Structures are given as structure tokens and as C-alpha cells.
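Shown next, in C-alpha cells, is the structure this report addresses.
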Number of protein chains: 2
Amino acid sequence: MKPVKRPAVVLLSGGLDSATVLAIARGQQFTTLALSVNYGQRHRAELDAAQRVATALGAHEHRIMSVDLAGIGGSALTDERLAVPESPSSGIPITYVPARNTLLLALALGWAEAAGAVDIFVGVNAIDYSGYPDCRPQFIAAFESLAQLATKAGAEGTRYKIHAPLIHLSKAEIIRTGSELGVDYAMTVSCYQASAEGLACGRCDSCRLRALGFAEAGIPDPTRYA
Amino acid sequence: MKPVKRPAVVLLSGGLDSATVLAIARGQQFTTLALSVNYGQRHRAELDAAQRVATALGAHEHRIMSVDLAGIGGSALTDERLAVPESPSSGIPITYVPARNTLLLALALGWAEAAGAVDIFVGVNAIDYSGYPDCRPQFIAAFESLAQLATKAGAEGTRYKIHAPLIHLSKAEIIRTGSELGVDYAMTVSCYQASAEGLACGRCDSCRLRALGFAEAGIPDPTRYA
């Protein structure tokens with residue numbers, strides 16, 4: 001492990017994946033700038049979790065940016081009129097938020113450029129990814145190209161790097177990786193309809209994938225269920 | 001002119017360029033969804049202008065989304081500690097906002113996808129562009145590619161189109177185009193440090209370019225100066 005000490009912006013939702021990514025970035029000796037985004041998701045408990053995780057994993061700084069999408073709707077995660085599904089569906093699920101990762105990465109890029117960071121970490125995953133289009137490797141590659149053209153730093157020659165270290169890992173592999181790096185997954189909230197206290201429903205897609213991951217990894221599931 | 005009647009999201013700042021773009025989109029028979037974004041810019045008068053312009057030019061809908069960048073700073077347009085320059089500078093100016101157009105287009109893309117629109121209009125300009133990297137044609141092309149990969153609709157085969165009809169026009173050509181389409185530029189605010197009432201300073205880069213544009217177009221300048 002080489003002794004870098006460069007700043008990196010790490011997108012931190014408060015869920016299992018992004019907590020693992022923060023631990024990975026720290027393990028690679030980056031000074032981590034953790035970024036959480038409140039875009040009106042129902043599971044606000046995630047933001048509280050993000051705060052706990054940022055502190056526990058020694059993020060250098062943690063910021064929460066808010067985006068008011070002015071009710072554009074179209075997702076069960078932001079639109080209260082749509083129910084979160086509790087059984088697996090085929091195709092891209094209704095919990096998909098339009099252009100979410102594009103928005104999250106745009107905010108991360110803005111902070112990165114202002115802070116002089118060229119590294120951005122994001123916990124997207126192309127395997128247990130629930131079918132979201134903006135979790136695919138080609139999306140990440142396209143955003144990296146865009147970042148080069150979008151920024152003053154890029155125009156001046158800086159090469160931005162979007163790190164997606166989980167992209168080819170299974171949920172079980174993610175959990176094993178994070179456990180080795182000391183992540184306390186009891187702090188994280190993955191549930192799409194967590195209670196205000198962060199208790200998981202145990203029934204939504206996200207809970208299902210998470211529980212299966214712990215089972216496959218052979219690691220006791222610390223999730224606090226309702 | 002073919003009789004389309006498709007929805008299109010139009011980014012509308014309230015300035016001269018985006019007002020012209022809204023008129024162009026309307027002229028092309030799109031049902032226009034005008035989107036203004038409050039990202040903490042100093043010139044809030046622009047948002048009031050956007051509201052007036054949306055109404056005057058018959059936008060089907062006008063929404064204002066808010067983004068709290070949590071003080072990432074780095075730009076004279078959002079950071080009150082930095083002065084807006086009043087003389088031309090070389091290189092990319094301090095009024096550049098990190099990753100701004102990436103963020104604006106991400107929000108537009110989200111609304112477009114939720115509304116079933118595949119057309120997005122943006123008033124970037126590569127000639128009188130003040131040196132911003134995210135106003136170049138290659139940036140627009142890169143975002144169009146990204147949109148394809150970023151969205152559920154794109155993954156299902158929809159071809160997004162980012163229209164940048166001003167990109168190769170001079171300020172004078174933009175003003176002539178808009179004037180022919182009936183844009184009342186007295187409603188628009190371009191000044192980087194406009195007063196709360198929307199009065200222009202007449203001294204910043206943006207005011208300078210605008211005044212020159214009217215002079216070159218041979219059209220009386222209706223700007224309300226302080």
C-alpha cells in the first residue's frame with residue numbers, strides 16, 4: 001500500500017455498500033471527504049446512519065447536500081404515492097430514481113473540483129444491483145469521460161478517476177471485504193422503508209439482498225430489524 | 001416546421017440566452033417544461049426573471065429545483081467572500097461554478113425521464129462563453145452519451161437529445177434570433193451581481209457581453225441598468 005494522502009470524495013448513503021467503500025478509500029490512504037445527499041428519499045434514517053458511519057470510519061469531513069427535486073416523482077423511493085414493492089419484480093424496479101447516480105456524481109464532482117480532489121468513490125454494484133441502469137460499468141466509464149470535459153481542472157489536464165470498487169463484487173464479497181476493514185454493519189441502514197429509528201423491514205428488495213449476503217458470507221447479520 | 005407536440009425540458013436561468021432557447025423550443029412545437037435551479041447563485045433576481053419569462057413565452061410548466069451545495073464554494077457566483085471581477089481576465093474566470101452544467105443537466109435529465117421527455121434544451125454557448133469548459137460542444141456530446149447509459153428509458157432504447165441551439169451563435173446572433181421570435185429581453189437578467197429588483201451593474205463580464213451583443217445586432221438595449 002503506497003503512502004498517498006490525497007483527498008477523495010466518497011459518496012456515502014449510510015447503507016452497507018457505501019460504508020464499505022468509505023473503508024476501502026481510507027484503507028488506500030485517501031483523506032476522505034464523505035458526501036451524503038438528501039434528495040427526498042423516504043429512508044431518511046439512512047442520513048443518520050451516514051453520519052454515524054462517517055464518524056466511526058474516520059472521514060476527514062462529512063457534508064450533507066440537499067436537493068429539492070420539486071416533486072418530479074417517478075420513483076417509489078421519493079414519491080409517497082407509490083408503494084415500495086415487497087416481492088421481486090422483473091426489469092428495472094419502481095425504486096429506481098430518475099438519473100440518481102448522474103446527480104450524485106455531479107455533486108461529488110463539484111465538491112471534488114472545489115477541493116482539488118481528482119478521485120471520487122461510489123458504491124455502485126453491477127451484480128446485486130437491482131437492475132438499475134446507472135450501476136453499470138459503462139455508465140461509470142461515461143461519467144469519467146464527462147468529468148474530464150465538464151471541469152476547469154479537467155480542461156487544464158487533470159485526469160479524474162471514478163472508483164467503483166464494488167462494481168464486480170457479490171453482496172457476500174462486499175460484506176467480507178468490509179468486515180476485514182472493520183466496518184460495523186450494525187450502523188448501516190439499507191432498507192428502502194426503514195423506520196425513523198433505522199429499523200429494517202426485512203421484506204423489501206434491499207433487505208432481501210442484504211440478508212442473503214450475510215448468509216452467503218457466513219457472517220452473523222447485525223441488522224436491526226423492526 | 002413539423003407538427004411535433006412532444007414534451008421537452010428547457011433549462012431556464014432567467015438570462016438572455018436561456019430565454020432565447022425557450023422561444024426556440026416553443027417555435028419547434030415542443031410542449032416546454034421549463035426548469036430553473038436555485039443553487040445559491042448570488043443573482044437571485046434571475047429566478048424572478050425566469051418566472052416572468054416562462055409565463056411570457058408560454059411554457060407549459062415551470063419548476064424551480066433547489067440545490068444546497070453545502071458551501072463547497074470555489075466560485076464568485078456562489079461564494080460571498082469572492083468578488084465578482086469587473087475587468088476581463090484570461091483563462092477560466094472565477095465566476096465558473098464547479099460542475100454546474102453537469103448538475104443542471106442531471107436535474108433536467110431526471111425530470112425528462114420522469115415526464116417521458118427525450119429532448120432537453122440548454123443555452124450553452126461556445127463563442128461568447130466566458131471560457132467555461134462545460135459550454136463546449138464536446139461536453140454536450142459527452143452528456144448525451146451519458147444520458148443514454150444513465151437512465152431506465154435509455155437502457156430500454158430511448159435516444160436522448162441534448163439541444164444546444166446557441167452553441168455556435170454570437171451574442172448578436174442570439175439576440176437577433178430571439179427578437180424575431182418575440183422575446184422581450186427587458187424581462188431577462190444576465191448580470192452576475194444584479195440588484196434584488198433585477199437591475200444590472202453594467203460592469204461585469206456578463207453585462208459587457210450582453211451590451212456588446214445588442215450593439216452588434218443593431219437592436220436597442222432594453223436592459224434595466226442600476
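Numbering starts fresh at 1 for the residues of each chain in the C-alpha cells, the chains themselves are lettered A, B, ... in the order given, and ligands are numbered from 1 as they appear.
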Practice item. Kindly determine which residues of chain B lie within 6 Å of chain A, considering only C-alpha atoms, and give the answer as a PyMOL selection string. Key: chain B and resi 65-70+72+74+98-99+102-103+106+110-111+114+133-134+139+142+146+149-152
Check your understanding: Skipping near chain neighbours, those fewer than 4 positions away, what residues fall within 9 Å of Ala49 in chain B using only C-alpha atoms, listed as a list in words?
Key -> Ser13, Gly14, Gly15, Arg44, Ala45, Val53, Ala54, Met187, Thr188, Val189 and Gly198 of chain B
**Study point:** Separation of CA of Leu22 in chain A from CA of Thr223 in chain A in Å
**Key:**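 CA of Leu22 in chain A lies 19.0 Å from CA of Thr223 in chain A.
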Point to revise | Near-Tyr225 in chain A list (8 Å; only C-alpha atoms; drop same-chain fewer than 2 positions) as number ranges by chain | key: A: 199-202, 223
Let me see the file: selected residues, C-alpha atoms, as a JSON list (two decimals), in the first residue's frame.
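Contents of part.json, as written:
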[["chain", "number", "residue", "atom", "x", "y", "z"],
["A", 199, "LEU", "CA", -35.05, -0.43, 11.91],
["A", 200, "ALA", "CA", -35.25, -2.53, 8.74],
["A", 201, "CYS", "CA", -38.46, -4.05, 7.36],
["A", 202, "GLY", "CA", -36.78, -7.30, 6.35],
["A", 223, "THR", "CA", -29.11, -5.72, 11.05]]
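Atom to atom, CA of Val122 in chain A and CA of Val122 in chain B stand 27.8 Å apart.
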Where does chain A end up after superposition onto chain B over all in-order Cα pairs? Give it as a PDB file with C-alpha atoms, in the first residue's frame.
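Saved as selection.pdb:
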ATOM      1  CA  MET A   1     -41.895  23.234 -39.328  1.00  0.00           C
ATOM      2  CA  LYS A   2     -43.332  19.833 -38.520  1.00  0.00           C
ATOM      3  CA  PRO A   3     -46.190  19.521 -36.071  1.00  0.00           C
ATOM      4  CA  VAL A   4     -44.481  17.710 -33.212  1.00  0.00           C
ATOM      5  CA  LYS A   5     -46.030  18.209 -29.759  1.00  0.00           C
ATOM      6  CA  ARG A   6     -43.583  16.374 -27.660  1.00  0.00           C
ATOM      7  CA  PRO A   7     -42.507  17.457 -24.198  1.00  0.00           C
ATOM      8  CA  ALA A   8     -39.050  18.952 -23.822  1.00  0.00           C
ATOM      9  CA  VAL A   9     -37.275  20.091 -20.683  1.00  0.00           C
ATOM     10  CA  VAL A  10     -35.760  23.561 -21.134  1.00  0.00           C
ATOM     11  CA  LEU A  11     -33.178  24.861 -18.664  1.00  0.00           C
ATOM     12  CA  LEU A  12     -34.193  28.422 -17.909  1.00  0.00           C
ATOM     13  CA  SER A  13     -31.919  30.653 -15.851  1.00  0.00           C
ATOM     14  CA  GLY A  14     -33.759  33.874 -16.516  1.00  0.00           C
ATOM     15  CA  GLY A  15     -30.892  35.258 -18.553  1.00  0.00           C
ATOM     16  CA  LEU A  16     -30.829  36.304 -22.176  1.00  0.00           C
ATOM     17  CA  ASP A  17     -29.543  33.027 -23.598  1.00  0.00           C
ATOM     18  CA  SER A  18     -31.950  30.625 -21.934  1.00  0.00           C
ATOM     19  CA  ALA A  19     -34.948  32.883 -22.699  1.00  0.00           C
ATOM     20  CA  THR A  20     -33.962  32.654 -26.357  1.00  0.00           C
ATOM     21  CA  VAL A  21     -33.700  28.882 -26.082  1.00  0.00           C
ATOM     22  CA  LEU A  22     -37.187  28.643 -24.590  1.00  0.00           C
ATOM     23  CA  ALA A  23     -38.534  30.648 -27.539  1.00  0.00           C
ATOM     24  CA  ILE A  24     -36.694  28.359 -29.965  1.00  0.00           C
ATOM     25  CA  ALA A  25     -38.090  25.204 -28.323  1.00  0.00           C
ATOM     26  CA  ARG A  26     -41.599  26.662 -28.427  1.00  0.00           C
ATOM     27  CA  GLY A  27     -41.062  27.620 -32.069  1.00  0.00           C
ATOM     28  CA  GLN A  28     -40.212  23.994 -32.779  1.00  0.00           C
ATOM     29  CA  GLN A  29     -43.613  23.024 -31.353  1.00  0.00           C
ATOM     30  CA  PHE A  30     -42.350  21.359 -28.215  1.00  0.00           C
ATOM     31  CA  THR A  31     -44.502  21.392 -25.090  1.00  0.00           C
ATOM     32  CA  THR A  32     -41.972  23.099 -22.859  1.00  0.00           C
ATOM     33  CA  LEU A  33     -41.189  22.083 -19.295  1.00  0.00           C
ATOM     34  CA  ALA A  34     -39.074  24.974 -18.025  1.00  0.00           C
ATOM     35  CA  LEU A  35     -36.608  24.167 -15.264  1.00  0.00           C
ATOM     36  CA  SER A  36     -34.843  26.736 -13.118  1.00  0.00           C
ATOM     37  CA  VAL A  37     -32.331  25.716 -10.501  1.00  0.00           C
ATOM     38  CA  ASN A  38     -31.551  27.644  -7.348  1.00  0.00           C
ATOM     39  CA  TYR A  39     -28.026  26.552  -6.483  1.00  0.00           C
ATOM     40  CA  GLY A  40     -27.203  29.487  -4.252  1.00  0.00           C
ATOM     41  CA  GLN A  41     -26.187  31.874  -7.025  1.00  0.00           C
ATOM     42  CA  ARG A  42     -25.912  35.443  -5.874  1.00  0.00           C
ATOM     43  CA  HIS A  43     -28.106  36.736  -8.638  1.00  0.00           C
ATOM     44  CA  ARG A  44     -31.420  35.514  -7.239  1.00  0.00           C
ATOM     45  CA  ALA A  45     -33.081  38.180  -9.356  1.00  0.00           C
ATOM     46  CA  GLU A  46     -32.514  35.719 -12.207  1.00  0.00           C
ATOM     47  CA  LEU A  47     -35.044  33.314 -10.703  1.00  0.00           C
ATOM     48  CA  ASP A  48     -37.709  36.026 -10.632  1.00  0.00           C
ATOM     49  CA  ALA A  49     -36.825  36.792 -14.227  1.00  0.00           C
ATOM     50  CA  ALA A  50     -37.149  33.102 -15.102  1.00  0.00           C
ATOM     51  CA  GLN A  51     -40.679  33.085 -13.724  1.00  0.00           C
ATOM     52  CA  ARG A  52     -41.658  36.121 -15.826  1.00  0.00           C
ATOM     53  CA  VAL A  53     -40.045  34.699 -18.951  1.00  0.00           C
ATOM     54  CA  ALA A  54     -41.683  31.274 -18.527  1.00  0.00           C
ATOM     55  CA  THR A  55     -45.094  32.913 -18.311  1.00  0.00           C
ATOM     56  CA  ALA A  56     -44.500  35.366 -21.155  1.00  0.00           C
ATOM     57  CA  LEU A  57     -43.208  32.701 -23.524  1.00  0.00           C
ATOM     58  CA  GLY A  58     -45.970  30.228 -22.714  1.00  0.00           C
ATOM     59  CA  ALA A  59     -44.042  27.461 -20.984  1.00  0.00           C
ATOM     60  CA  HIS A  60     -46.390  24.580 -20.267  1.00  0.00           C
ATOM     61  CA  GLU A  61     -44.927  24.247 -16.785  1.00  0.00           C
ATOM     62  CA  HIS A  62     -42.173  25.933 -14.762  1.00  0.00           C
ATOM     63  CA  ARG A  63     -40.410  24.332 -11.820  1.00  0.00           C
ATOM     64  CA  ILE A  64     -37.676  25.620  -9.579  1.00  0.00           C
ATOM     65  CA  MET A  65     -35.450  22.981  -8.032  1.00  0.00           C
ATOM     66  CA  SER A  66     -33.185  23.894  -5.157  1.00  0.00           C
ATOM     67  CA  VAL A  67     -29.746  22.503  -4.532  1.00  0.00           C
ATOM     68  CA  ASP A  68     -27.874  23.254  -1.344  1.00  0.00           C
ATOM     69  CA  LEU A  69     -24.232  22.807  -2.252  1.00  0.00           C
ATOM     70  CA  ALA A  70     -23.355  22.940   1.479  1.00  0.00           C
ATOM     71  CA  GLY A  71     -20.838  25.667   0.991  1.00  0.00           C
ATOM     72  CA  ILE A  72     -18.454  23.895  -1.359  1.00  0.00           C
ATOM     73  CA  GLY A  73     -17.548  27.334  -2.661  1.00  0.00           C
ATOM     74  CA  GLY A  74     -14.896  27.888  -5.268  1.00  0.00           C
ATOM     75  CA  SER A  75     -16.907  30.354  -7.347  1.00  0.00           C
ATOM     76  CA  ALA A  76     -17.562  34.065  -7.152  1.00  0.00           C
ATOM     77  CA  LEU A  77     -21.163  33.324  -8.150  1.00  0.00           C
ATOM     78  CA  THR A  78     -21.930  31.298  -5.014  1.00  0.00           C
ATOM     79  CA  ASP A  79     -19.233  32.323  -2.538  1.00  0.00           C
ATOM     80  CA  GLU A  80     -19.820  35.727  -0.994  1.00  0.00           C
ATOM     81  CA  ARG A  81     -16.193  36.018   0.033  1.00  0.00           C
ATOM     82  CA  LEU A  82     -15.078  36.153  -3.606  1.00  0.00           C
ATOM     83  CA  ALA A  83     -15.587  39.358  -5.588  1.00  0.00           C
ATOM     84  CA  VAL A  84     -17.186  39.337  -9.029  1.00  0.00           C
ATOM     85  CA  PRO A  85     -14.496  40.635 -11.391  1.00  0.00           C
ATOM     86  CA  GLU A  86     -15.275  43.803 -13.334  1.00  0.00           C
ATOM     87  CA  SER A  87     -12.454  43.606 -15.842  1.00  0.00           C
ATOM     88  CA  PRO A  88     -11.776  40.850 -18.407  1.00  0.00           C
ATOM     89  CA  SER A  89      -9.459  38.085 -17.181  1.00  0.00           C
ATOM     90  CA  SER A  90      -7.573  35.468 -19.158  1.00  0.00           C
ATOM     91  CA  GLY A  91      -8.351  31.756 -18.771  1.00  0.00           C
ATOM     92  CA  ILE A  92     -11.355  30.308 -16.996  1.00  0.00           C
ATOM     93  CA  PRO A  93     -12.877  33.016 -14.789  1.00  0.00           C
ATOM     94  CA  ILE A  94     -13.643  32.910 -11.093  1.00  0.00           C
ATOM     95  CA  THR A  95     -17.368  33.088 -11.871  1.00  0.00           C
ATOM     96  CA  TYR A  96     -17.110  29.471 -13.057  1.00  0.00           C
ATOM     97  CA  VAL A  97     -19.189  27.208 -10.772  1.00  0.00           C
ATOM     98  CA  PRO A  98     -17.680  23.723 -10.309  1.00  0.00           C
ATOM     99  CA  ALA A  99     -19.525  21.156 -12.419  1.00  0.00           C
ATOM    100  CA  ARG A 100     -22.517  23.477 -12.824  1.00  0.00           C
ATOM    101  CA  ASN A 101     -23.751  22.355 -16.219  1.00  0.00           C
ATOM    102  CA  THR A 102     -23.284  18.711 -15.286  1.00  0.00           C
ATOM    103  CA  LEU A 103     -25.521  19.307 -12.290  1.00  0.00           C
ATOM    104  CA  LEU A 104     -28.112  21.311 -14.263  1.00  0.00           C
ATOM    105  CA  LEU A 105     -28.286  18.685 -16.995  1.00  0.00           C
ATOM    106  CA  ALA A 106     -28.525  15.875 -14.427  1.00  0.00           C
ATOM    107  CA  LEU A 107     -31.586  17.583 -12.914  1.00  0.00           C
ATOM    108  CA  ALA A 108     -33.064  18.165 -16.363  1.00  0.00           C
ATOM    109  CA  LEU A 109     -32.467  14.528 -17.256  1.00  0.00           C
ATOM    110  CA  GLY A 110     -34.236  13.385 -14.088  1.00  0.00           C
ATOM    111  CA  TRP A 111     -37.317  15.446 -14.901  1.00  0.00           C
ATOM    112  CA  ALA A 112     -37.179  14.438 -18.561  1.00  0.00           C
ATOM    113  CA  GLU A 113     -37.144  10.771 -17.685  1.00  0.00           C
ATOM    114  CA  ALA A 114     -39.953  11.112 -15.124  1.00  0.00           C
ATOM    115  CA  ALA A 115     -42.055  13.117 -17.629  1.00  0.00           C
ATOM    116  CA  GLY A 116     -41.360  10.835 -20.582  1.00  0.00           C
ATOM    117  CA  ALA A 117     -39.454  13.556 -22.482  1.00  0.00           C
ATOM    118  CA  VAL A 118     -36.394  12.698 -24.542  1.00  0.00           C
ATOM    119  CA  ASP A 119     -35.480  16.252 -25.540  1.00  0.00           C
ATOM    120  CA  ILE A 120     -33.537  18.651 -23.324  1.00  0.00           C
ATOM    121  CA  PHE A 121     -32.681  22.230 -24.296  1.00  0.00           C
ATOM    122  CA  VAL A 122     -29.788  24.166 -22.809  1.00  0.00           C
ATOM    123  CA  GLY A 123     -28.476  27.627 -23.648  1.00  0.00           C
ATOM    124  CA  VAL A 124     -24.756  26.968 -23.618  1.00  0.00           C
ATOM    125  CA  ASN A 125     -22.632  28.935 -25.990  1.00  0.00           C
ATOM    126  CA  ALA A 126     -19.118  28.132 -27.154  1.00  0.00           C
ATOM    127  CA  ILE A 127     -18.334  31.554 -28.630  1.00  0.00           C
ATOM    128  CA  ASP A 128     -19.156  34.285 -26.112  1.00  0.00           C
ATOM    129  CA  TYR A 129     -18.889  31.677 -23.399  1.00  0.00           C
ATOM    130  CA  SER A 130     -16.586  33.362 -20.893  1.00  0.00           C
ATOM    131  CA  GLY A 131     -14.218  30.387 -21.071  1.00  0.00           C
ATOM    132  CA  TYR A 132     -16.357  27.854 -19.205  1.00  0.00           C
ATOM    133  CA  PRO A 133     -15.297  24.265 -20.047  1.00  0.00           C
ATOM    134  CA  ASP A 134     -18.826  22.895 -19.736  1.00  0.00           C
ATOM    135  CA  CYS A 135     -20.084  25.077 -22.578  1.00  0.00           C
ATOM    136  CA  ARG A 136     -18.125  23.254 -25.263  1.00  0.00           C
ATOM    137  CA  PRO A 137     -19.712  21.001 -27.931  1.00  0.00           C
ATOM    138  CA  GLN A 138     -17.682  17.998 -26.748  1.00  0.00           C
ATOM    139  CA  PHE A 139     -19.165  18.405 -23.265  1.00  0.00           C
ATOM    140  CA  ILE A 140     -22.691  18.364 -24.679  1.00  0.00           C
ATOM    141  CA  ALA A 141     -21.898  15.280 -26.782  1.00  0.00           C
ATOM    142  CA  ALA A 142     -20.452  13.517 -23.732  1.00  0.00           C
ATOM    143  CA  PHE A 143     -23.560  14.273 -21.679  1.00  0.00           C
ATOM    144  CA  GLU A 144     -25.782  12.921 -24.450  1.00  0.00           C
ATOM    145  CA  SER A 145     -23.830   9.652 -24.354  1.00  0.00           C
ATOM    146  CA  LEU A 146     -24.073   9.567 -20.593  1.00  0.00           C
ATOM    147  CA  ALA A 147     -27.849  10.112 -20.655  1.00  0.00           C
ATOM    148  CA  GLN A 148     -28.222   7.036 -22.809  1.00  0.00           C
ATOM    149  CA  LEU A 149     -26.437   4.903 -20.222  1.00  0.00           C
ATOM    150  CA  ALA A 150     -27.735   6.652 -17.111  1.00  0.00           C
ATOM    151  CA  THR A 151     -31.444   6.114 -17.495  1.00  0.00           C
ATOM    152  CA  LYS A 152     -34.037   3.414 -17.470  1.00  0.00           C
ATOM    153  CA  ALA A 153     -35.498   4.872 -20.655  1.00  0.00           C
ATOM    154  CA  GLY A 154     -32.060   4.940 -22.278  1.00  0.00           C
ATOM    155  CA  ALA A 155     -31.415   1.327 -21.276  1.00  0.00           C
ATOM    156  CA  GLU A 156     -34.707   0.468 -22.920  1.00  0.00           C
ATOM    157  CA  GLY A 157     -33.695   2.119 -26.200  1.00  0.00           C
ATOM    158  CA  THR A 158     -34.786   5.767 -25.900  1.00  0.00           C
ATOM    159  CA  ARG A 159     -32.371   8.157 -27.617  1.00  0.00           C
ATOM    160  CA  TYR A 160     -31.944  11.317 -25.584  1.00  0.00           C
ATOM    161  CA  LYS A 161     -31.177  14.518 -27.421  1.00  0.00           C
ATOM    162  CA  ILE A 162     -29.458  17.494 -25.781  1.00  0.00           C
ATOM    163  CA  HIS A 163     -30.297  20.539 -27.896  1.00  0.00           C
ATOM    164  CA  ALA A 164     -27.819  23.390 -27.635  1.00  0.00           C
ATOM    165  CA  PRO A 165     -29.142  25.685 -30.367  1.00  0.00           C
ATOM    166  CA  LEU A 166     -26.991  28.665 -29.360  1.00  0.00           C
ATOM    167  CA  ILE A 167     -23.722  26.813 -29.201  1.00  0.00           C
ATOM    168  CA  HIS A 168     -22.249  28.296 -32.375  1.00  0.00           C
ATOM    169  CA  LEU A 169     -24.012  31.671 -32.332  1.00  0.00           C
ATOM    170  CA  SER A 170     -22.512  35.013 -31.375  1.00  0.00           C
ATOM    171  CA  LYS A 171     -24.330  37.088 -28.758  1.00  0.00           C
ATOM    172  CA  ALA A 172     -25.582  39.366 -31.560  1.00  0.00           C
ATOM    173  CA  GLU A 173     -26.966  36.395 -33.485  1.00  0.00           C
ATOM    174  CA  ILE A 174     -28.674  35.089 -30.343  1.00  0.00           C
ATOM    175  CA  ILE A 175     -30.318  38.477 -29.794  1.00  0.00           C
ATOM    176  CA  ARG A 176     -31.478  38.685 -33.409  1.00  0.00           C
ATOM    177  CA  THR A 177     -32.915  35.144 -33.224  1.00  0.00           C
ATOM    178  CA  GLY A 178     -34.778  35.839 -30.014  1.00  0.00           C
ATOM    179  CA  SER A 179     -36.081  39.194 -31.195  1.00  0.00           C
ATOM    180  CA  GLU A 180     -37.570  37.548 -34.287  1.00  0.00           C
ATOM    181  CA  LEU A 181     -39.278  35.000 -32.003  1.00  0.00           C
ATOM    182  CA  GLY A 182     -40.734  37.771 -29.846  1.00  0.00           C
ATOM    183  CA  VAL A 183     -38.551  37.518 -26.763  1.00  0.00           C
ATOM    184  CA  ASP A 184     -38.806  40.637 -24.594  1.00  0.00           C
ATOM    185  CA  TYR A 185     -35.244  40.928 -23.320  1.00  0.00           C
ATOM    186  CA  ALA A 186     -36.235  43.614 -20.834  1.00  0.00           C
ATOM    187  CA  MET A 187     -37.585  40.723 -18.742  1.00  0.00           C
ATOM    188  CA  THR A 188     -34.268  38.901 -18.630  1.00  0.00           C
ATOM    189  CA  VAL A 189     -31.417  39.368 -16.182  1.00  0.00           C
ATOM    190  CA  SER A 190     -27.856  38.464 -17.162  1.00  0.00           C
ATOM    191  CA  CYS A 191     -25.858  40.484 -14.629  1.00  0.00           C
ATOM    192  CA  TYR A 192     -23.652  38.484 -12.249  1.00  0.00           C
ATOM    193  CA  GLN A 193     -24.427  40.964  -9.465  1.00  0.00           C
ATOM    194  CA  ALA A 194     -27.922  42.199 -10.286  1.00  0.00           C
ATOM    195  CA  SER A 195     -29.822  44.067  -7.575  1.00  0.00           C
ATOM    196  CA  ALA A 196     -32.780  42.395  -5.877  1.00  0.00           C
ATOM    197  CA  GLU A 197     -35.004  44.298  -8.345  1.00  0.00           C
ATOM    198  CA  GLY A 198     -33.078  42.825 -11.282  1.00  0.00           C
ATOM    199  CA  LEU A 199     -31.146  45.990 -12.178  1.00  0.00           C
ATOM    200  CA  ALA A 200     -27.858  45.260 -13.964  1.00  0.00           C
ATOM    201  CA  CYS A 201     -24.461  46.612 -12.884  1.00  0.00           C
ATOM    202  CA  GLY A 202     -23.300  47.252 -16.440  1.00  0.00           C
ATOM    203  CA  ARG A 203     -19.717  46.400 -15.515  1.00  0.00           C
ATOM    204  CA  CYS A 204     -19.299  42.612 -15.036  1.00  0.00           C
ATOM    205  CA  ASP A 205     -18.259  40.216 -17.840  1.00  0.00           C
ATOM    206  CA  SER A 206     -21.836  39.173 -18.418  1.00  0.00           C
ATOM    207  CA  CYS A 207     -23.143  42.764 -18.686  1.00  0.00           C
ATOM    208  CA  ARG A 208     -20.292  43.630 -21.015  1.00  0.00           C
ATOM    209  CA  LEU A 209     -20.995  40.725 -23.404  1.00  0.00           C
ATOM    210  CA  ARG A 210     -24.700  41.477 -23.371  1.00  0.00           C
ATOM    211  CA  ALA A 211     -24.348  45.191 -24.145  1.00  0.00           C
ATOM    212  CA  LEU A 212     -21.910  44.417 -26.929  1.00  0.00           C
ATOM    213  CA  GLY A 213     -24.378  41.909 -28.363  1.00  0.00           C
ATOM    214  CA  PHE A 214     -27.177  44.453 -28.622  1.00  0.00           C
ATOM    215  CA  ALA A 215     -24.784  46.954 -30.175  1.00  0.00           C
ATOM    216  CA  GLU A 216     -23.591  44.454 -32.763  1.00  0.00           C
ATOM    217  CA  ALA A 217     -27.109  43.274 -33.522  1.00  0.00           C
ATOM    218  CA  GLY A 218     -28.184  46.870 -34.060  1.00  0.00           C
ATOM    219  CA  ILE A 219     -31.073  46.379 -31.652  1.00  0.00           C
ATOM    220  CA  PRO A 220     -31.776  48.887 -28.845  1.00  0.00           C
ATOM    221  CA  ASP A 221     -30.591  47.520 -25.504  1.00  0.00           C
ATOM    222  CA  PRO A 222     -33.658  47.242 -23.178  1.00  0.00           C
ATOM    223  CA  THR A 223     -31.579  46.228 -20.169  1.00  0.00           C
ATOM    224  CA  ARG A 224     -32.562  47.968 -16.943  1.00  0.00           C
ATOM    225  CA  TYR A 225     -29.305  49.266 -15.514  1.00  0.00           C
ATOM    226  CA  ALA A 226     -28.798  50.375 -11.933  1.00  0.00           C
TER     227      ALA A 226
END
Check your understanding: as a ChimeraX atom specification, which residues of range 3-222 of chain A does DSSP assign to strand (DSSP E)?
Key -> /A:7-11,31-38,61-68,119-121,161-163
Practice item. Using backbone DSSP assignments, extract all alpha helix (DSSP H) residues from range 6-223 of chain B; output them as number ranges by chain. Key: B: 16-27, 45-56, 100-115, 137-150, 152-155, 171-180, 205-217
